[in-house]
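Peer 1: This is the structure I have questions about; it appears just below.
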Amino acid sequence: MNPSPPARRPPGTGPEPAAHRRARALLACAVGRLPEDRREWGEAMLAELDQITGRVRALAWAVGGFRVARLERRHHRQRQQGGPLMAGRARTTGWAAALLWALWAAMTTLLAFEFPTLAILLGLAGFMLARLLRLWPEGVAGTLVGAGMVCLLIGLLNLGGGRPCTSSTAASLSGILAAPAGQASSCGGIAPLPLLAAGSLLLAAGALLYWASARHAPR
Amino acid sequence: MPRQPHTSAQTVSLLQALLARPDQWHYGYELGKQTGLRSGTLYPILIRLAEQHLLETRWEPPQRPGRPARHTYRLTAEGRQLARGRLAGAGTARRPPAARPATEGAG
């Protein structure tokens, strides 16, 4: 490719219409946002502006430049990180990974003690946080899979071992805290089926989320 | 399984337009008009195709003094092969875009 920036409108060809001037200024702004190695494509778009008749078309052409800039900046970041998703960033953001780990543990604990509403709320908060920190989608998918696996583990460990606590004794965290120590430890454990179901569901959701995001990652 | 690249409706439509006159150089704006793609969709696809050596690009010197040089595009041999495969896959190989007057052919 032989870069050759487009020439400016010379004297004698008449003044450029105001709408085209505005569109050109807008597109030039978008071109300025392109990564260095993509500037030539921005110049190509600018050169085409001369061929467009009609101010709406010219404006639409210019606005498209911002989409190109956004996509190319994202593509540029991904190339630098060496992966199609956000894994590179997630690897380098230790504190964010720790935060997701804490979230995962808290979600699992809440599920294990049968506080599904709180667990779901925490999950939603984590989802929004992960998006904000750009740990989407691996962060969220990993959290779901992690929480699912712990639920399955707790469920399997309680399968056939002991009898579930009744609701009047220690089936929930408040029950355990309120009950005498002897009573809390003597009732056989946690009902495994809800945990196995929740674990399977979380595991499937995490795997599905990762699969869908990998499938739709830009290439 | 990851999605096969260059199979989106927009990309196939662009490949179809480029393949209709494979030896000619095409302008971006003309391709946009032919395919109905907006600049924000068209150029990322062109960039991706060029990056993968499926598309040749060149700057065409201005036809009139003072006019800007224009960027033009055509499929490479590898690009044509891929385009034919994708069009056959999409079932559009028998429906090339309506021929336009050869105003965009630059060489």
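Chain labels follow the order of the structure tokens: the first chain is A, the next B, and so on; residue numbering restarts at 1 in every chain, and ligands are counted from 1 in their shown order.
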Just list as a ChimeraX atom specification whatever in range 28-85 of chain B DSSP marks as strand (DSSP E or B).
Peer 2: /B:55-60,70-75
Peer 1: Please save N, CA and C atoms of the selected residues as a PDB file, in the first residue's frame.
Peer 2:
ATOM      1  N   LEU B  55      -7.669  -8.683   0.059  1.00  0.00           N
ATOM      2  CA  LEU B  55      -8.021  -7.476  -0.690  1.00  0.00           C
ATOM      3  C   LEU B  55      -6.748  -6.679  -0.973  1.00  0.00           C
ATOM      4  N   GLU B  56      -6.624  -6.270  -2.242  1.00  0.00           N
ATOM      5  CA  GLU B  56      -5.520  -5.367  -2.605  1.00  0.00           C
ATOM      6  C   GLU B  56      -6.027  -3.946  -2.493  1.00  0.00           C
ATOM      7  N   THR B  57      -5.160  -3.053  -2.105  1.00  0.00           N
ATOM      8  CA  THR B  57      -5.554  -1.639  -2.054  1.00  0.00           C
ATOM      9  C   THR B  57      -4.499  -0.805  -2.770  1.00  0.00           C
ATOM     10  N   ARG B  58      -4.928   0.313  -3.322  1.00  0.00           N
ATOM     11  CA  ARG B  58      -3.950   1.231  -3.897  1.00  0.00           C
ATOM     12  C   ARG B  58      -4.552   2.638  -3.924  1.00  0.00           C
ATOM     13  N   TRP B  59      -3.706   3.625  -3.934  1.00  0.00           N
ATOM     14  CA  TRP B  59      -4.156   5.007  -4.061  1.00  0.00           C
ATOM     15  C   TRP B  59      -4.155   5.355  -5.534  1.00  0.00           C
ATOM     16  N   GLU B  60      -5.288   5.813  -5.993  1.00  0.00           N
ATOM     17  CA  GLU B  60      -5.387   6.201  -7.411  1.00  0.00           C
ATOM     18  C   GLU B  60      -5.098   7.699  -7.510  1.00  0.00           C
ATOM     19  N   ARG B  70      -7.691   8.849  -4.460  1.00  0.00           N
ATOM     20  CA  ARG B  70      -8.726   7.976  -3.901  1.00  0.00           C
ATOM     21  C   ARG B  70      -8.182   6.570  -3.664  1.00  0.00           C
ATOM     22  N   HIS B  71      -8.669   5.986  -2.628  1.00  0.00           N
ATOM     23  CA  HIS B  71      -8.256   4.637  -2.260  1.00  0.00           C
ATOM     24  C   HIS B  71      -9.139   3.655  -3.011  1.00  0.00           C
ATOM     25  N   THR B  72      -8.547   2.666  -3.655  1.00  0.00           N
ATOM     26  CA  THR B  72      -9.343   1.712  -4.437  1.00  0.00           C
ATOM     27  C   THR B  72      -9.013   0.288  -4.002  1.00  0.00           C
ATOM     28  N   TYR B  73      -9.929  -0.589  -4.310  1.00  0.00           N
ATOM     29  CA  TYR B  73      -9.849  -1.961  -3.781  1.00  0.00           C
ATOM     30  C   TYR B  73     -10.214  -2.994  -4.842  1.00  0.00           C
ATOM     31  N   ARG B  74      -9.546  -4.136  -4.770  1.00  0.00           N
ATOM     32  CA  ARG B  74      -9.991  -5.313  -5.525  1.00  0.00           C
ATOM     33  C   ARG B  74      -9.512  -6.568  -4.819  1.00  0.00           C
ATOM     34  N   LEU B  75     -10.192  -7.671  -5.093  1.00  0.00           N
ATOM     35  CA  LEU B  75      -9.865  -8.928  -4.407  1.00  0.00           C
ATOM     36  C   LEU B  75      -8.554  -9.499  -4.933  1.00  0.00           C
TER      37      LEU B  75
END
Peer 1: Could you list, with a cut-off of 7 Å and counting only C-alpha atoms, the residues of chain B near chain A, each shown with its nearest atom pair and the distance in Å rounded to one decimal, rows sorted by chain and ascending number, as a Markdown table?
Peer 2:
| residue | atom | partner | partner_atom | distance |
| --- | --- | --- | --- | --- |
| B:Pro2 | CA | A:Arg215 | CA | 5.1 |
| B:Arg3 | CA | A:Arg215 | CA | 5.7 |
| B:Gly28 | CA | A:Glu48 | CA | 7.0 |
| B:Tyr29 | CA | A:Glu48 | CA | 6.1 |
| B:Arg38 | CA | A:Gly64 | CA | 6.7 |
| B:Ser39 | CA | A:Gly64 | CA | 5.0 |
| B:Gly40 | CA | A:Gly64 | CA | 3.8 |
| B:Tyr43 | CA | A:Val68 | CA | 6.7 |
| B:Pro44 | CA | A:Val68 | CA | 6.0 |
| B:Thr57 | CA | A:Met1 | CA | 6.1 |
| B:Arg58 | CA | A:Met1 | CA | 5.7 |
| B:Trp59 | CA | A:Asn2 | CA | 6.5 |
| B:Gly66 | CA | A:Pro10 | CA | 5.2 |
| B:Arg67 | CA | A:Ala7 | CA | 6.2 |
| B:Pro68 | CA | A:Pro6 | CA | 4.1 |
| B:Ala69 | CA | A:Pro6 | CA | 5.0 |
| B:Arg70 | CA | A:Ala47 | CA | 5.8 |
| B:His71 | CA | A:Ala44 | CA | 5.3 |
Peer 1: Write out as a list in words the residues lying within 7 Å of range 139-155 of chain A, counting only C-alpha atoms and excluding same-chain residues fewer than 4 positions away.
Peer 2: Leu100, Trp104, Met107, Thr108, Ala112, Phe127, Ala130, Leu135, Leu159, Pro192, Leu193, Leu195, Leu196, Ala198, Gly199, Ser200, Leu202, Leu203, Ala205, Gly206, Ala207, Leu209 and Tyr210 of chain A
Peer 1: Got time to write the residues from that selection, N, CA and C atoms, as a compact mmCIF listing (two decimals), in the first residue's frame?
Peer 2:
# COMPACT_ATOMS: atom_id res chain seq x y z
N LEU A 100 -13.31 -10.38 42.16
CA LEU A 100 -14.20 -11.39 41.59
C LEU A 100 -14.15 -12.69 42.39
N TRP A 104 -17.30 -14.43 44.11
CA TRP A 104 -17.58 -15.84 43.86
C TRP A 104 -17.81 -16.57 45.18
N MET A 107 -21.11 -15.32 46.81
CA MET A 107 -22.30 -15.86 46.11
C MET A 107 -22.55 -17.31 46.52
N THR A 108 -21.46 -18.09 46.56
CA THR A 108 -21.58 -19.50 46.91
C THR A 108 -22.06 -19.68 48.34
N ALA A 112 -25.32 -21.53 49.46
CA ALA A 112 -25.22 -22.69 50.34
C ALA A 112 -26.14 -22.54 51.55
N PHE A 127 -21.81 -8.64 37.94
CA PHE A 127 -21.92 -8.54 36.48
C PHE A 127 -21.66 -7.10 36.04
N ALA A 130 -18.01 -6.11 36.67
CA ALA A 130 -17.10 -6.71 35.70
C ALA A 130 -17.14 -5.97 34.37
N LEU A 135 -13.83 -6.47 32.63
CA LEU A 135 -13.46 -7.87 32.82
C LEU A 135 -14.50 -8.78 32.16
N LEU A 159 -24.57 -35.35 49.65
CA LEU A 159 -25.45 -36.36 49.05
C LEU A 159 -25.38 -37.65 49.86
N PRO A 192 -29.02 -31.51 49.55
CA PRO A 192 -28.11 -31.46 48.40
C PRO A 192 -28.79 -31.09 47.08
N LEU A 193 -30.06 -31.45 46.93
CA LEU A 193 -30.67 -31.29 45.61
C LEU A 193 -30.73 -29.84 45.11
N LEU A 195 -28.79 -27.46 45.83
CA LEU A 195 -27.41 -27.05 45.53
C LEU A 195 -26.92 -27.67 44.23
N LEU A 196 -27.28 -28.92 44.02
CA LEU A 196 -26.87 -29.59 42.78
C LEU A 196 -27.54 -28.92 41.58
N ALA A 198 -28.72 -25.76 41.48
CA ALA A 198 -28.17 -24.40 41.31
C ALA A 198 -26.77 -24.47 40.71
N GLY A 199 -25.97 -25.45 41.18
CA GLY A 199 -24.61 -25.61 40.67
C GLY A 199 -24.60 -25.92 39.18
N SER A 200 -25.47 -26.85 38.79
CA SER A 200 -25.52 -27.23 37.37
C SER A 200 -25.94 -26.02 36.53
N LEU A 202 -25.62 -22.78 37.24
CA LEU A 202 -24.55 -21.76 37.19
C LEU A 202 -23.43 -22.20 36.25
N LEU A 203 -23.08 -23.47 36.35
CA LEU A 203 -22.01 -24.01 35.50
C LEU A 203 -22.39 -23.88 34.03
N ALA A 205 -24.62 -21.84 32.76
CA ALA A 205 -24.72 -20.42 32.37
C ALA A 205 -23.35 -19.84 32.07
N GLY A 206 -22.36 -20.17 32.93
CA GLY A 206 -20.99 -19.67 32.72
C GLY A 206 -20.40 -20.18 31.43
N ALA A 207 -20.57 -21.48 31.18
CA ALA A 207 -20.00 -22.09 29.97
C ALA A 207 -20.67 -21.48 28.73
N LEU A 209 -22.14 -18.56 28.48
CA LEU A 209 -21.72 -17.16 28.32
C LEU A 209 -20.36 -17.07 27.65
N TYR A 210 -19.43 -17.91 28.08
CA TYR A 210 -18.09 -17.87 27.49
C TYR A 210 -18.15 -18.30 26.02
Peer 1: Just give me the gap between CA of Arg55 in chain A and CA of Arg24 in chain A in Å, one decimal is fine.
Peer 2: 11.0 Å
Peer 1: Between CA of Thr53 in chain A and CA of Glu16 in chain A, what distance in Å does the model show, to one decimal?
Peer 2: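 Distance reported for this atom pair: 11.5 Å.
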Peer 1: Would you list, as a ChimeraX atom specification, the residues of range 29-150 of chain A that end up in helix (DSSP H, G or I) under DSSP run on this structure's backbone?
Peer 2: /A:29-32,36-49,55-81,87-92,94-112,116-132,138-150
Peer 1: For Glu78 in chain B, work out the shell of residues within 12 Å, counting only C-alpha atoms and skipping chain neighbours fewer than 6 positions away, then give it as an MDAnalysis selection string.
Peer 2: chainID B and resid 19 22 49:50 52:56 84:85
Peer 1: Let me see the file: selected residues, N, CA and C atoms, as a CSV table (one decimal), in the first residue's frame.
Peer 2:
chain,number,residue,atom,x,y,z
B,19,LEU,N,-16.7,-9.3,-6.4
B,19,LEU,CA,-16.5,-10.4,-7.3
B,19,LEU,C,-17.2,-10.1,-8.6
B,22,PRO,N,-14.1,-8.6,-10.9
B,22,PRO,CA,-13.0,-8.9,-10.0
B,22,PRO,C,-11.7,-8.2,-10.5
B,49,LEU,N,-10.4,-7.5,5.5
B,49,LEU,CA,-10.1,-8.2,4.3
B,49,LEU,C,-8.7,-7.9,3.8
B,50,ALA,N,-8.3,-6.6,3.9
B,50,ALA,CA,-7.0,-6.2,3.5
B,50,ALA,C,-5.9,-6.8,4.4
B,52,GLN,N,-6.0,-9.5,6.0
B,52,GLN,CA,-5.8,-10.9,5.8
B,52,GLN,C,-5.4,-11.2,4.3
B,53,HIS,N,-4.9,-10.2,3.6
B,53,HIS,CA,-4.4,-10.3,2.2
B,53,HIS,C,-5.5,-10.9,1.3
B,54,LEU,N,-6.7,-10.6,1.6
B,54,LEU,CA,-7.8,-11.0,0.7
B,54,LEU,C,-8.2,-9.9,-0.3
B,55,LEU,N,-7.7,-8.7,0.1
B,55,LEU,CA,-8.0,-7.5,-0.7
B,55,LEU,C,-6.7,-6.7,-1.0
B,56,GLU,N,-6.6,-6.3,-2.2
B,56,GLU,CA,-5.5,-5.4,-2.6
B,56,GLU,C,-6.0,-3.9,-2.5
B,84,ARG,N,-15.8,-16.8,-3.7
B,84,ARG,CA,-16.6,-17.7,-4.5
B,84,ARG,C,-17.2,-18.8,-3.5
B,85,GLY,N,-16.3,-19.2,-2.6
B,85,GLY,CA,-16.7,-20.2,-1.6
B,85,GLY,C,-17.8,-19.7,-0.7
Peer 1: Quick one: of B:Thr35, B:Gln63, B:His26, B:Ala83, who's nearest to Leu14 in chain B, counting only C-alpha atoms?
Peer 2: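 Checking each candidate against Leu14 in chain B, we get B:Thr35 as the closest.
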